[in-house]
Amino acid sequence: PETVEAGGRQLKLNGTALLKKLVIRVYVVALYLPVPAHAPEAVVDPDVPKVLILQFLRAVSREQLVTPLEQDFARNAGEKGRRARGQIAKMLLAIRDFKSGDRMIFTYEPGKGSTIRMSDGTTTAFEGKDFADAFLLVYVGPHPPKEEMKRRLLGRA
C-alpha cells in the first residue's frame, strides 16, 4: 500500500525493492516513513515511527534467513548493533520458516520500541531505538543484501 499507520501517524511509502538470489525472487521489501528520506542517516537517525515489510514470494526456511541476517547485522549495524546484541539474538531466535505470501512486519514507535509481527500472528517486542536502527541498517547501511535494494528503498531508483 501507499500508506500505513504506526505510532498514530500516517507513514508514506519511501521505496520498495525485490531481493533476488541468482534468478529466484525471494521477497519484496517496502519501507514506510513519515517524510521521504533519500539517505541512510535520514532513515535511521530520526526518532519517528518507521515500518519495514518483507513479503515473501517463495518458501524460505529459517536457516536460509538467519545466517545471512547475522552477517548483514555484522557488516552494517556497527556500534548500534553491538549495543543491541541481545535484541538481535532475540530476533534471530524468533525467525520461523516462511511460505510464499507470508509477511514479516517490522514497526518502530518512539518511546515504545519495536515489534516484529509474523504472518502466523506471532509478535516479538524489542526495547529501545538501537535495535530499530540496527535492523534498518541491514537494508540501508553500507553493505545491504543488494546495492540496488538500498537505492530503491531510499527512493533513488
# chains A, B, ... in the order shown; residues from 1 in each chain; ligands from 1

$ residues_around --residues "Ile95 of chain A" --least-positions-apart "6" --cutoff "8 Å" --atoms "only C-alpha atoms" --output "ChimeraX atom specification"
/A:62,65-66

$ select_by_dssp --residues "segment 31-67 of chain A" --states "alpha helix (DSSP H)" --output "list in words"
Pro40, Glu41, Ala42, Val43, Val44, Arg62, Glu63, Gln64, Leu65, Val66 and Thr67 of chain A

$ closest_atom_pairs --of "segment 54-100 of chain A" --to "segment 8-25 of chain A" --cutoff "9 Å" --atoms "only C-alpha atoms" --output "tab-separated table"
residue	atom	partner	partner_atom	distance
A:Phe56	CA	A:Arg25	CA	8.7
A:Leu57	CA	A:Arg25	CA	6.4
A:Arg58	CA	A:Arg25	CA	7.3

$ select_by_dssp --residues "chain A" --states "strand (DSSP E or B)" --output "ChimeraX atom specification"
/A:3-6,9-21,24-33,50-56,60,98,103-109,113-118,123-126

$ closest_residue --among "A:Lys90, A:Lys99, A:His38, A:Arg117" --to "Val51 of chain A" --atoms "only C-alpha atoms"
A:Arg117

$ closest_residue --among "A:Val60, A:Gly7, A:Phe131, A:Val44" --to "Lys112 of chain A" --atoms "only C-alpha atoms"
A:Gly7

$ residues_around --residues "Ala59 of chain A" --least-positions-apart "6" --cutoff "10 Å" --atoms "only C-alpha atoms" --output "JSON, numbers by chain"
{"A": [26, 27, 97, 98, 99, 100, 101, 102]}

$ closest_residue --among "A:Leu54, A:Val43, A:Met104, A:Ala74" --to "Leu154 of chain A" --atoms "only C-alpha atoms"
A:Val43

$ atom_distance --atom1 "atom CA of Lys150 of chain A" --atom2 "atom CA of Leu31 of chain A"
10.4 Å

$ residues_around --residues "Ala6 of chain A" --least-positions-apart "2" --cutoff "12 Å" --atoms "only C-alpha atoms" --output "MDAnalysis selection string"
chainID A and resid 3:4 8:12 32:34 48:52 105:110 112:115

$ residues_around --residues "Gln87 of chain A" --least-positions-apart "3" --cutoff "10 Å" --atoms "only C-alpha atoms" --output "PyMOL selection string"
chain A and resi 81-84+90-93+125-128+130-132+134

$ write_last_selection --atoms "N, CA, C and O atoms" --output "CSV table (one decimal), in the first residue's frame"
chain,number,residue,atom,x,y,z
A,81,GLY,N,24.6,-2.0,16.5
A,81,GLY,CA,24.4,-3.5,16.6
A,81,GLY,C,25.1,-4.1,17.8
A,81,GLY,O,24.5,-5.0,18.4
A,82,ARG,N,26.2,-3.6,18.2
A,82,ARG,CA,26.9,-4.1,19.4
A,82,ARG,C,26.0,-3.8,20.6
A,82,ARG,O,25.9,-4.6,21.5
A,83,ARG,N,25.5,-2.6,20.7
A,83,ARG,CA,24.6,-2.2,21.8
A,83,ARG,C,23.3,-3.0,21.8
A,83,ARG,O,22.7,-3.2,22.9
A,84,ALA,N,22.8,-3.5,20.7
A,84,ALA,CA,21.6,-4.2,20.6
A,84,ALA,C,21.8,-5.7,20.4
A,84,ALA,O,20.9,-6.4,20.0
A,90,LYS,N,17.6,-12.2,20.1
A,90,LYS,CA,16.2,-12.4,20.4
A,90,LYS,C,15.4,-12.5,19.0
A,90,LYS,O,14.6,-13.4,18.8
A,91,MET,N,15.7,-11.6,18.1
A,91,MET,CA,15.0,-11.5,16.8
A,91,MET,C,15.4,-12.8,16.0
A,91,MET,O,14.5,-13.4,15.4
A,92,LEU,N,16.7,-13.1,16.0
A,92,LEU,CA,17.1,-14.3,15.2
A,92,LEU,C,16.4,-15.6,15.7
A,92,LEU,O,16.1,-16.5,15.0
A,93,LEU,N,16.2,-15.7,17.0
A,93,LEU,CA,15.5,-16.8,17.6
A,93,LEU,C,14.0,-16.9,17.2
A,93,LEU,O,13.4,-17.9,17.1
A,125,ALA,N,8.5,-8.3,20.7
A,125,ALA,CA,8.8,-6.9,21.1
A,125,ALA,C,10.3,-6.7,21.4
A,125,ALA,O,10.9,-7.6,22.0
A,126,PHE,N,10.8,-5.5,21.1
A,126,PHE,CA,12.2,-5.1,21.3
A,126,PHE,C,12.3,-3.7,21.9
A,126,PHE,O,11.7,-2.8,21.4
A,127,GLU,N,13.1,-3.6,23.0
A,127,GLU,CA,13.2,-2.3,23.6
A,127,GLU,C,14.2,-1.4,23.0
A,127,GLU,O,15.1,-1.9,22.3
A,128,GLY,N,14.0,-0.1,23.1
A,128,GLY,CA,15.0,0.9,22.7
A,128,GLY,C,15.0,1.1,21.2
A,128,GLY,O,14.4,0.4,20.4
A,130,ASP,N,18.2,1.4,19.5
A,130,ASP,CA,19.3,0.8,18.9
A,130,ASP,C,19.0,-0.4,18.1
A,130,ASP,O,19.5,-0.6,17.0
A,131,PHE,N,18.1,-1.2,18.6
A,131,PHE,CA,17.7,-2.4,17.7
A,131,PHE,C,17.0,-2.0,16.4
A,131,PHE,O,17.3,-2.5,15.4
A,132,ALA,N,16.1,-1.0,16.5
A,132,ALA,CA,15.5,-0.5,15.3
A,132,ALA,C,16.5,0.1,14.3
A,132,ALA,O,16.4,-0.2,13.1
A,134,ALA,N,19.7,-0.7,14.1
A,134,ALA,CA,20.5,-1.8,13.6
A,134,ALA,C,19.7,-2.6,12.5
A,134,ALA,O,20.3,-2.9,11.5

$ residues_around --residues "Tyr139 of chain A" --least-positions-apart "4" --cutoff "9 Å" --atoms "only C-alpha atoms" --output "PyMOL selection string"
chain A and resi 72+76+135+143-146+149-150+153

$ closest_residue --among "A:Asp47, A:Arg96, A:Arg103, A:Thr123" --to "Ala30 of chain A" --atoms "only C-alpha atoms"
A:Arg103

$ atom_distance --atom1 "atom CA of Glu63 of chain A" --atom2 "atom CA of Gly141 of chain A"
22.8 Å

$ atom_distance --atom1 "atom CA of Ala89 of chain A" --atom2 "atom CA of Pro68 of chain A"
13.5 Å

$ closest_residue --among "A:Ile88, A:Ser61, A:Glu148, A:Pro142" --to "Pro40 of chain A" --atoms "only C-alpha atoms"
A:Pro142

$ decode --residues "segment 32-45 of chain A" --atoms "N, CA and C atoms" --output "short mmCIF file (atom, residue, chain, number, x, y, z; two decimals), in the first residue's frame"
data_model
loop_
_atom_site.label_atom_id
_atom_site.label_comp_id
_atom_site.auth_asym_id
_atom_site.auth_seq_id
_atom_site.Cartn_x
_atom_site.Cartn_y
_atom_site.Cartn_z
N TYR A 32 8.44 2.40 4.97
CA TYR A 32 7.47 3.48 5.20
C TYR A 32 8.01 4.43 6.25
N LEU A 33 7.92 5.74 5.96
CA LEU A 33 8.41 6.78 6.86
C LEU A 33 7.42 7.96 6.87
N PRO A 34 7.49 8.82 7.90
CA PRO A 34 6.59 9.98 7.93
C PRO A 34 6.88 10.99 6.82
N VAL A 35 8.15 11.15 6.50
CA VAL A 35 8.56 12.07 5.41
C VAL A 35 9.58 11.35 4.55
N PRO A 36 9.66 11.67 3.26
CA PRO A 36 10.62 10.99 2.38
C PRO A 36 12.05 11.14 2.89
N ALA A 37 12.84 10.07 2.72
CA ALA A 37 14.25 10.07 3.12
C ALA A 37 15.05 9.42 2.00
N HIS A 38 16.12 10.07 1.61
CA HIS A 38 16.93 9.57 0.49
C HIS A 38 18.37 9.25 0.88
N ALA A 39 18.67 9.31 2.17
CA ALA A 39 19.99 8.97 2.68
C ALA A 39 19.81 8.05 3.89
N PRO A 40 20.74 7.12 4.11
CA PRO A 40 20.61 6.20 5.24
C PRO A 40 20.40 6.91 6.58
N GLU A 41 21.14 8.00 6.81
CA GLU A 41 21.01 8.73 8.08
C GLU A 41 19.60 9.30 8.25
N ALA A 42 18.99 9.72 7.15
CA ALA A 42 17.64 10.29 7.21
C ALA A 42 16.59 9.22 7.51
N VAL A 43 16.92 7.96 7.25
CA VAL A 43 16.04 6.86 7.60
C VAL A 43 16.27 6.46 9.06
N VAL A 44 17.52 6.29 9.44
CA VAL A 44 17.87 5.69 10.73
C VAL A 44 17.81 6.69 11.89
N ASP A 45 18.38 7.88 11.72
CA ASP A 45 18.57 8.80 12.85
C ASP A 45 17.30 9.40 13.45
#
